[in-house]
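Asker: Just one file: query.pdb, with PDB, C-alpha atoms.
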ATOM      1  CA  MET A   1      -0.064   5.820  -0.860  1.00  0.00           C
ATOM      2  CA  LEU A   2      -0.951   8.935  -2.818  1.00  0.00           C
ATOM      3  CA  MET A   3      -4.155  10.886  -2.498  1.00  0.00           C
ATOM      4  CA  SER A   4      -7.091   8.971  -3.927  1.00  0.00           C
ATOM      5  CA  THR A   5     -10.487  10.638  -3.960  1.00  0.00           C
ATOM      6  CA  VAL A   6     -12.952   9.456  -6.592  1.00  0.00           C
ATOM      7  CA  HIS A   7     -15.213  12.070  -8.206  1.00  0.00           C
ATOM      8  CA  ALA A   8     -18.222  11.183 -10.305  1.00  0.00           C
ATOM      9  CA  SER A   9     -17.709  13.966 -12.844  1.00  0.00           C
ATOM     10  CA  ASN A  10     -14.921  14.079 -15.427  1.00  0.00           C
ATOM     11  CA  VAL A  11     -15.395  17.822 -15.916  1.00  0.00           C
ATOM     12  CA  CYS A  12     -13.629  20.347 -13.711  1.00  0.00           C
ATOM     13  CA  PRO A  13     -16.193  22.300 -11.659  1.00  0.00           C
ATOM     14  CA  GLN A  14     -15.817  26.003 -10.955  1.00  0.00           C
ATOM     15  CA  ASN A  15     -14.866  25.231  -7.372  1.00  0.00           C
ATOM     16  CA  ALA A  16     -12.391  22.525  -8.412  1.00  0.00           C
ATOM     17  CA  PRO A  17     -10.088  21.136  -5.708  1.00  0.00           C
ATOM     18  CA  TYR A  18      -6.338  21.789  -5.659  1.00  0.00           C
ATOM     19  CA  PHE A  19      -5.815  19.895  -8.925  1.00  0.00           C
ATOM     20  CA  CYS A  20      -8.170  19.231 -11.814  1.00  0.00           C
ATOM     21  CA  MET A  21      -7.045  18.754 -15.416  1.00  0.00           C
ATOM     22  CA  THR A  22      -8.965  16.978 -18.167  1.00  0.00           C
ATOM     23  CA  PRO A  23      -7.154  15.214 -21.060  1.00  0.00           C
ATOM     24  CA  ASP A  24      -7.873  18.075 -23.470  1.00  0.00           C
ATOM     25  CA  MET A  25      -6.213  20.509 -21.062  1.00  0.00           C
ATOM     26  CA  ALA A  26      -2.908  18.592 -21.176  1.00  0.00           C
ATOM     27  CA  LEU A  27      -2.334  17.710 -24.826  1.00  0.00           C
ATOM     28  CA  GLU A  28       1.431  18.204 -24.420  1.00  0.00           C
ATOM     29  CA  ALA A  29       1.746  15.859 -21.435  1.00  0.00           C
ATOM     30  CA  GLU A  30       4.397  13.160 -21.887  1.00  0.00           C
ATOM     31  CA  ILE A  31       2.096  10.354 -20.769  1.00  0.00           C
ATOM     32  CA  LYS A  32      -0.466   9.499 -23.421  1.00  0.00           C
ATOM     33  CA  LEU A  33      -3.562   7.321 -23.233  1.00  0.00           C
ATOM     34  CA  SER A  34      -1.681   4.189 -24.305  1.00  0.00           C
ATOM     35  CA  ASP A  35       1.068   4.805 -21.698  1.00  0.00           C
ATOM     36  CA  PHE A  36      -1.534   5.305 -18.980  1.00  0.00           C
ATOM     37  CA  TYR A  37      -2.829   1.767 -19.387  1.00  0.00           C
ATOM     38  CA  ARG A  38       0.306   0.022 -20.637  1.00  0.00           C
ATOM     39  CA  ILE A  39       2.823   1.005 -17.936  1.00  0.00           C
ATOM     40  CA  PRO A  40       0.824  -0.167 -14.889  1.00  0.00           C
ATOM     41  CA  ALA A  41      -0.387  -3.263 -16.766  1.00  0.00           C
ATOM     42  CA  VAL A  42       3.200  -4.294 -17.557  1.00  0.00           C
ATOM     43  CA  ILE A  43       4.377  -3.670 -13.997  1.00  0.00           C
ATOM     44  CA  ILE A  44       1.486  -5.519 -12.384  1.00  0.00           C
ATOM     45  CA  SER A  45       1.980  -8.486 -14.722  1.00  0.00           C
ATOM     46  CA  LEU A  46       5.604  -8.799 -13.570  1.00  0.00           C
ATOM     47  CA  TYR A  47       4.781  -9.063  -9.883  1.00  0.00           C
ATOM     48  CA  SER A  48       1.207 -10.155  -9.305  1.00  0.00           C
ATOM     49  CA  ASN A  49      -1.666 -11.903 -11.030  1.00  0.00           C
ATOM     50  CA  GLU A  50      -4.047 -10.923  -8.246  1.00  0.00           C
ATOM     51  CA  ILE A  51      -4.048  -7.100  -8.387  1.00  0.00           C
ATOM     52  CA  ALA A  52      -6.870  -5.619 -10.459  1.00  0.00           C
ATOM     53  CA  LEU A  53      -6.311  -2.271 -12.182  1.00  0.00           C
ATOM     54  CA  ASP A  54      -8.982   0.441 -11.956  1.00  0.00           C
ATOM     55  CA  ALA A  55      -7.516   3.077 -14.296  1.00  0.00           C
ATOM     56  CA  GLN A  56      -9.723   6.079 -15.069  1.00  0.00           C
ATOM     57  CA  TRP A  57      -8.085   8.107 -17.842  1.00  0.00           C
ATOM     58  CA  GLU A  58     -10.888  10.639 -18.198  1.00  0.00           C
ATOM     59  CA  SER A  59     -10.788  11.575 -14.515  1.00  0.00           C
ATOM     60  CA  PRO A  60      -9.208  15.033 -14.180  1.00  0.00           C
ATOM     61  CA  TYR A  61      -8.163  14.513 -10.586  1.00  0.00           C
ATOM     62  CA  LEU A  62      -4.871  13.584  -8.962  1.00  0.00           C
ATOM     63  CA  GLY A  63      -5.044  10.265  -7.186  1.00  0.00           C
ATOM     64  CA  MET A  64      -3.415   6.868  -6.999  1.00  0.00           C
ATOM     65  CA  GLY A  65      -3.620   4.194  -4.347  1.00  0.00           C
ATOM     66  CA  MET A  66      -4.558   0.693  -3.362  1.00  0.00           C
ATOM     67  CA  ASN A  67      -8.270   0.436  -2.642  1.00  0.00           C
ATOM     68  CA  ASN A  68      -7.311  -2.731  -0.786  1.00  0.00           C
ATOM     69  CA  SER A  69      -4.686  -5.429  -1.206  1.00  0.00           C
ATOM     70  CA  ARG A  70      -6.287  -6.558  -4.482  1.00  0.00           C
ATOM     71  CA  SER A  71      -7.213  -3.394  -6.394  1.00  0.00           C
ATOM     72  CA  MET A  72      -5.211  -0.374  -7.575  1.00  0.00           C
ATOM     73  CA  LEU A  73      -6.924   2.910  -8.448  1.00  0.00           C
ATOM     74  CA  ILE A  74      -5.271   5.398 -10.811  1.00  0.00           C
ATOM     75  CA  LEU A  75      -6.977   8.673 -11.751  1.00  0.00           C
ATOM     76  CA  GLY A  76      -5.979  10.202 -15.068  1.00  0.00           C
ATOM     77  CA  GLY A  77      -5.105  13.602 -13.675  1.00  0.00           C
ATOM     78  CA  THR A  78      -2.134  11.976 -11.942  1.00  0.00           C
ATOM     79  CA  THR A  79      -0.355  11.804 -15.291  1.00  0.00           C
ATOM     80  CA  ARG A  80      -1.000  15.468 -16.058  1.00  0.00           C
ATOM     81  CA  VAL A  81       0.826  17.130 -13.186  1.00  0.00           C
ATOM     82  CA  LYS A  82       3.778  19.241 -14.295  1.00  0.00           C
ATOM     83  CA  GLY A  83       6.956  17.190 -14.632  1.00  0.00           C
ATOM     84  CA  MET A  84       5.288  13.758 -14.547  1.00  0.00           C
ATOM     85  CA  THR A  85       7.273  11.528 -16.901  1.00  0.00           C
ATOM     86  CA  LYS A  86       6.735   7.932 -17.973  1.00  0.00           C
ATOM     87  CA  ASP A  87       9.473   6.779 -15.594  1.00  0.00           C
ATOM     88  CA  ALA A  88       8.028   8.856 -12.750  1.00  0.00           C
ATOM     89  CA  PHE A  89       4.630   7.282 -13.393  1.00  0.00           C
ATOM     90  CA  ALA A  90       6.247   3.836 -13.308  1.00  0.00           C
ATOM     91  CA  ALA A  91       7.865   4.731  -9.968  1.00  0.00           C
ATOM     92  CA  ALA A  92       4.499   5.754  -8.530  1.00  0.00           C
ATOM     93  CA  VAL A  93       2.890   2.509  -9.715  1.00  0.00           C
ATOM     94  CA  CYS A  94       5.760   0.507  -8.236  1.00  0.00           C
ATOM     95  CA  HIS A  95       5.341   2.350  -4.922  1.00  0.00           C
ATOM     96  CA  GLU A  96       1.681   1.374  -4.756  1.00  0.00           C
ATOM     97  CA  ILE A  97       2.442  -2.254  -5.559  1.00  0.00           C
ATOM     98  CA  GLY A  98       5.075  -2.045  -2.843  1.00  0.00           C
ATOM     99  CA  HIS A  99       2.336  -1.590  -0.266  1.00  0.00           C
ATOM    100  CA  VAL A 100       1.096  -5.084  -1.182  1.00  0.00           C
ATOM    101  CA  LEU A 101       4.321  -6.914  -1.978  1.00  0.00           C
ATOM    102  CA  GLY A 102       6.966  -4.931  -0.104  1.00  0.00           C
ATOM    103  CA  GLY A 103       6.848  -6.900   3.136  1.00  0.00           C
ATOM    104  CA  ALA A 104       7.771  -5.680   6.624  1.00  0.00           C
ATOM    105  CA  PRO A 105       7.673  -3.238   8.245  1.00  0.00           C
ATOM    106  CA  TYR A 106       3.900  -3.022   7.957  1.00  0.00           C
ATOM    107  CA  GLN A 107       1.548  -0.197   8.902  1.00  0.00           C
ATOM    108  CA  THR A 108      -0.371  -0.505  12.145  1.00  0.00           C
ATOM    109  CA  ILE A 109      -3.288   1.731  11.109  1.00  0.00           C
ATOM    110  CA  ASN A 110      -6.591  -0.023  11.708  1.00  0.00           C
ATOM    111  CA  GLY A 111      -7.662  -1.680   8.463  1.00  0.00           C
ATOM    112  CA  SER A 112      -4.304  -1.128   6.749  1.00  0.00           C
ATOM    113  CA  GLU A 113      -2.249  -3.740   8.545  1.00  0.00           C
ATOM    114  CA  TRP A 114      -1.829  -5.535   5.195  1.00  0.00           C
ATOM    115  CA  ALA A 115       0.087  -2.555   3.753  1.00  0.00           C
ATOM    116  CA  SER A 116       3.836  -2.096   3.910  1.00  0.00           C
ATOM    117  CA  ALA A 117       4.977   1.183   5.454  1.00  0.00           C
ATOM    118  CA  GLU A 118       5.476   4.103   3.065  1.00  0.00           C
ATOM    119  CA  GLY A 119       9.256   3.884   3.292  1.00  0.00           C
ATOM    120  CA  GLN A 120       9.154   0.154   2.639  1.00  0.00           C
ATOM    121  CA  ALA A 121       6.893   0.680  -0.384  1.00  0.00           C
ATOM    122  CA  ASP A 122       9.494   3.121  -1.737  1.00  0.00           C
ATOM    123  CA  PHE A 123      12.261   0.592  -1.070  1.00  0.00           C
ATOM    124  CA  PHE A 124      10.388  -2.131  -2.941  1.00  0.00           C
ATOM    125  CA  ALA A 125       9.845   0.288  -5.820  1.00  0.00           C
ATOM    126  CA  ALA A 126      13.505   1.311  -5.992  1.00  0.00           C
ATOM    127  CA  ASN A 127      15.152  -2.008  -5.155  1.00  0.00           C
ATOM    128  CA  VAL A 128      12.863  -4.537  -6.866  1.00  0.00           C
ATOM    129  CA  CYS A 129      10.042  -3.177  -8.997  1.00  0.00           C
ATOM    130  CA  LEU A 130      11.656  -0.436 -11.068  1.00  0.00           C
ATOM    131  CA  PRO A 131      14.783  -2.510 -11.820  1.00  0.00           C
ATOM    132  CA  GLY A 132      12.555  -5.367 -12.966  1.00  0.00           C
ATOM    133  CA  TYR A 133      10.407  -3.069 -15.077  1.00  0.00           C
ATOM    134  CA  PHE A 134      13.383  -1.345 -16.697  1.00  0.00           C
ATOM    135  CA  LYS A 135      14.992  -4.710 -17.482  1.00  0.00           C
ATOM    136  CA  ASN A 136      11.695  -5.822 -19.046  1.00  0.00           C
ATOM    137  CA  ILE A 137      11.563  -2.817 -21.385  1.00  0.00           C
ATOM    138  CA  GLY A 138      15.173  -3.273 -22.483  1.00  0.00           C
ATOM    139  CA  VAL A 139      17.174  -0.822 -20.361  1.00  0.00           C
ATOM    140  CA  PRO A 140      20.822  -2.026 -20.209  1.00  0.00           C
ATOM    141  CA  ALA A 141      21.855  -3.414 -16.806  1.00  0.00           C
ATOM    142  CA  THR A 142      24.590  -0.780 -16.500  1.00  0.00           C
ATOM    143  CA  GLU A 143      21.999   2.000 -16.707  1.00  0.00           C
ATOM    144  CA  ILE A 144      19.319   0.656 -14.384  1.00  0.00           C
ATOM    145  CA  LEU A 145      20.505   2.201 -11.092  1.00  0.00           C
ATOM    146  CA  SER A 146      20.779   5.672 -12.641  1.00  0.00           C
ATOM    147  CA  ARG A 147      17.379   5.224 -14.277  1.00  0.00           C
ATOM    148  CA  VAL A 148      15.876   4.294 -10.874  1.00  0.00           C
ATOM    149  CA  GLU A 149      17.377   7.431  -9.302  1.00  0.00           C
ATOM    150  CA  LYS A 150      16.035   9.615 -12.085  1.00  0.00           C
ATOM    151  CA  ALA A 151      12.558   8.053 -11.930  1.00  0.00           C
ATOM    152  CA  GLY A 152      12.353   8.554  -8.178  1.00  0.00           C
ATOM    153  CA  TYR A 153      13.463  12.163  -8.380  1.00  0.00           C
ATOM    154  CA  GLU A 154      11.010  12.959 -11.166  1.00  0.00           C
ATOM    155  CA  MET A 155       8.147  11.320  -9.275  1.00  0.00           C
ATOM    156  CA  LEU A 156       8.844  13.161  -6.034  1.00  0.00           C
ATOM    157  CA  SER A 157       9.541  16.549  -7.602  1.00  0.00           C
ATOM    158  CA  SER A 158       6.382  16.415  -9.736  1.00  0.00           C
ATOM    159  CA  LEU A 159       4.209  15.512  -6.734  1.00  0.00           C
ATOM    160  CA  ALA A 160       5.989  17.826  -4.282  1.00  0.00           C
ATOM    161  CA  PRO A 161       3.629  20.803  -4.803  1.00  0.00           C
ATOM    162  CA  TYR A 162       0.742  18.628  -3.588  1.00  0.00           C
ATOM    163  CA  SER A 163       2.471  17.369  -0.456  1.00  0.00           C
ATOM    164  CA  SER A 164       1.944  18.712   3.050  1.00  0.00           C
ATOM    165  CA  GLU A 165       5.561  19.778   3.473  1.00  0.00           C
ATOM    166  CA  THR A 166       6.577  23.385   4.067  1.00  0.00           C
ATOM    167  CA  SER A 167       8.303  25.509   1.435  1.00  0.00           C
ATOM    168  CA  GLU A 168      11.582  25.083   3.287  1.00  0.00           C
ATOM    169  CA  GLU A 169      11.197  21.314   3.311  1.00  0.00           C
ATOM    170  CA  LEU A 170      10.261  21.260  -0.369  1.00  0.00           C
ATOM    171  CA  ASN A 171      13.345  23.305  -1.234  1.00  0.00           C
ATOM    172  CA  SER A 172      15.525  20.717   0.496  1.00  0.00           C
ATOM    173  CA  LEU A 173      14.727  18.159  -2.220  1.00  0.00           C
ATOM    174  CA  ARG A 174      17.896  18.369  -4.291  1.00  0.00           C
ATOM    175  CA  ARG A 175      18.987  15.868  -6.880  1.00  0.00           C
ATOM    176  CA  PHE A 176      22.159  13.834  -6.193  1.00  0.00           C
ATOM    177  CA  HIS A 177      22.337  15.195  -2.628  1.00  0.00           C
ATOM    178  CA  LYS A 178      23.255  12.446  -0.138  1.00  0.00           C
ATOM    179  CA  LEU A 179      21.192  12.540   3.048  1.00  0.00           C
ATOM    180  CA  ASP A 180      22.937  11.524   6.277  1.00  0.00           C
ATOM    181  CA  GLU A 181      19.998  11.866   8.675  1.00  0.00           C
ATOM    182  CA  LYS A 182      19.166   8.936  10.974  1.00  0.00           C
ATOM    183  CA  VAL A 183      15.944   8.159  12.800  1.00  0.00           C
ATOM    184  CA  ASP A 184      15.691   6.829  16.349  1.00  0.00           C
ATOM    185  CA  ALA A 185      12.810   4.536  15.382  1.00  0.00           C
ATOM    186  CA  THR A 186      11.460   3.227  12.078  1.00  0.00           C
ATOM    187  CA  LEU A 187       8.664   5.304  10.547  1.00  0.00           C
ATOM    188  CA  ILE A 188       5.669   3.015  10.383  1.00  0.00           C
ATOM    189  CA  ASN A 189       2.499   5.011   9.711  1.00  0.00           C
ATOM    190  CA  ASN A 190       3.906   8.246   8.269  1.00  0.00           C
ATOM    191  CA  TYR A 191       5.586   9.294   5.052  1.00  0.00           C
ATOM    192  CA  PRO A 192       9.308   9.993   5.244  1.00  0.00           C
ATOM    193  CA  THR A 193      10.191  13.511   4.106  1.00  0.00           C
ATOM    194  CA  LEU A 194      10.544  14.018   0.365  1.00  0.00           C
ATOM    195  CA  LYS A 195      14.322  14.315   0.664  1.00  0.00           C
ATOM    196  CA  CYS A 196      14.373  11.075   2.649  1.00  0.00           C
ATOM    197  CA  ARG A 197      12.179   9.337   0.084  1.00  0.00           C
ATOM    198  CA  TYR A 198      14.563  10.513  -2.628  1.00  0.00           C
ATOM    199  CA  GLU A 199      17.473   9.003  -0.707  1.00  0.00           C
ATOM    200  CA  THR A 200      15.816   5.592  -1.148  1.00  0.00           C
ATOM    201  CA  PHE A 201      15.887   6.032  -4.929  1.00  0.00           C
ATOM    202  CA  ARG A 202      19.329   7.654  -4.946  1.00  0.00           C
ATOM    203  CA  ASN A 203      20.817   4.665  -3.113  1.00  0.00           C
ATOM    204  CA  SER A 204      18.383   1.874  -3.860  1.00  0.00           C
ATOM    205  CA  LEU A 205      20.554  -0.958  -2.532  1.00  0.00           C
ATOM    206  CA  LYS A 206      19.637  -0.441   1.126  1.00  0.00           C
ATOM    207  CA  ARG A 207      16.865   0.885   3.348  1.00  0.00           C
ATOM    208  CA  SER A 208      17.676   4.496   4.147  1.00  0.00           C
ATOM    209  CA  ASP A 209      18.647   5.393   7.712  1.00  0.00           C
ATOM    210  CA  CYS A 210      16.454   8.488   7.417  1.00  0.00           C
ATOM    211  CA  TRP A 211      13.330   6.340   7.852  1.00  0.00           C
ATOM    212  CA  PHE A 212      14.501   2.826   8.835  1.00  0.00           C
ATOM    213  CA  LYS A 213      16.135   1.795  12.112  1.00  0.00           C
ATOM    214  CA  GLU A 214      17.889  -1.579  12.205  1.00  0.00           C
TER     215      GLU A 214
END
Turn this file's structure into structure tokens for me.
Answerer:
Amino acid sequence: MLMSTVHASNVCPQNAPYFCMTPDMALEAEIKLSDFYRIPAVIISLYSNEIALDAQWESPYLGMGMNNSRSMLILGGTTRVKGMTKDAFAAAVCHEIGHVLGGAPYQTINGSEWASAEGQADFFAANVCLPGYFKNIGVPATEILSRVEKAGYEMLSSLAPYSSETSEELNSLRRFHKLDEKVDATLINNYPTLKCRYETFRNSLKRSDCWFKE
């Protein structure tokens, strides 16, 4: 799940948090108003009739997440971060849906036992949701795997500056690089590293050994 803090104001205050960008400050952003509502609506309609969408275009803040297993929050500033493309946005939406529909392994955090682990949400996004979405919008079958890889990389690289990883860890996120790391135990309540998360989108046919232990 991405950061998701709701603010009452749609105007950036002088002491704005780490990210605050109103629609008029990002007129060149790839994702327009119609994309902001259309992309998540299409994806949700493919996989669930029970998830409500709370999309707040005017919000200048970065945030996306499941309020619970029945409601998805998306703040408009999420689409205005540098490098956020339509496919990257679709990947982020698919990740959030993956917390609800991705299955085991599940988190064990009190109150979040309904949510699939972060790595599993990525796997659902890469293995199920994005392929289904791309097929729905007419992407040829022969191009879907490469489109999934690209979407995952664009999502992770655009959100990387707002992660908690060190500069060294951020620099290790390299496109097309195969990761051979293996964990001793499945990551349940923590995010995999960005380079590990990318591995899930690079090779979307299996759960990555860098976060999942058979």
Asker: Once the PyMOL selection byres ((chain A and resi 24) around 12) is applied to the coordinates I shared, what remains selected? I want it as a PyMOL selection string.
Answerer: chain A and resi 10-12+20-23+25-29+32-33+57-60+76-77+80
Asker: List the neighbours of Lys213 in chain A out to 8 Å using only C-alpha atoms; skip same-chain residues closer than 5 positions along the sequence, and give me the result as a ChimeraX atom specification.
Answerer: /A:182-186
Asker: What's the separation between CA of Thr78 in chain A and CA of Leu62 in chain A, in Å to one decimal place?
Answerer: 4.4 Å
Asker: Mind telling me what the PyMOL selection byres ((chain A and resi 150) around 9) catches here, as a tab-separated table (two decimals) with C-alpha atoms, keeping the file's coordinate frame?
Answerer:
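What landed in out.tsv:
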chain	number	residue	atom	x	y	z
A	87	ASP	CA	9.47	6.78	-15.59
A	88	ALA	CA	8.03	8.86	-12.75
A	145	LEU	CA	20.50	2.20	-11.09
A	146	SER	CA	20.78	5.67	-12.64
A	147	ARG	CA	17.38	5.22	-14.28
A	148	VAL	CA	15.88	4.29	-10.87
A	149	GLU	CA	17.38	7.43	-9.30
A	151	ALA	CA	12.56	8.05	-11.93
A	152	GLY	CA	12.35	8.55	-8.18
A	153	TYR	CA	13.46	12.16	-8.38
A	154	GLU	CA	11.01	12.96	-11.17
A	155	MET	CA	8.15	11.32	-9.28
A	175	ARG	CA	18.99	15.87	-6.88
A	201	PHE	CA	15.89	6.03	-4.93
A	202	ARG	CA	19.33	7.65	-4.95
Asker: Might you spell out which residues the PyMOL selection byres ((chain A and resi 39-54) around 8) would select in the displayed file, as a PyMOL selection string?
Answerer: chain A and resi 35-38+55-56+69-74+86+89-90+93-94+97+129+132-133
Asker: So, with all atoms listed in the file as the atoms that count, which of A:Gly103, A:Gly65, A:Pro161, A:Pro140 lies closest to Phe124 in chain A?
Answerer: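 The shortest atom-to-atom distance to Phe124 in chain A comes from A:Gly103.
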Asker: What gap, in Å, lies between CA of Gln107 in chain A and CA of Ile188 in chain A?
Answerer: 5.4 Å
Asker: Name the residues in contact with Tyr162 in chain A at a cut-off of 9 Å, using all atoms listed in the file, excluding same-chain residues fewer than 3 positions from it; report them as a list in words.
Answerer: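 Once the adjacent positions are removed, what remains is Tyr18, Phe19, Ser158, Leu159 and Glu165 of chain A.
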Asker: If we draw a sphere of 12 Å around (9.0, 12.1, 3.4), which residues have at least one atom in it when counting all atoms listed in the file? Please report them as a ChimeraX atom specification.
Answerer: /A:1,117-120,122,156-157,159-160,163-166,169-170,172-173,187-200,208,210-211
Asker: Given the choices A:Gly98, A:Lys206, A:Val81, A:Ala92, which gets closest to Met64 in chain A if the distance is worked out from only C-alpha atoms?
Answerer: A:Ala92
Asker: Tell me, in Å to one decimal, how far CA of Asn203 in chain A is from CA of Ile109 in chain A.
Answerer: 28.1 Å
Asker: Give the answer as one residue: which of A:Asn136, A:Phe212, A:Thr142, A:Asn67 has the shortest atom-to-atom distance to Pro105 in chain A, using all atoms listed in the file?
Answerer: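 Using all atoms listed in the file, Pro105 in chain A sits closest to A:Phe212.
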Asker: Counting all atoms listed in the file, which of A:Thr79, A:Thr85, A:Ser204, A:Asn68 gets nearest to Ala115 in chain A?
Answerer: A:Asn68
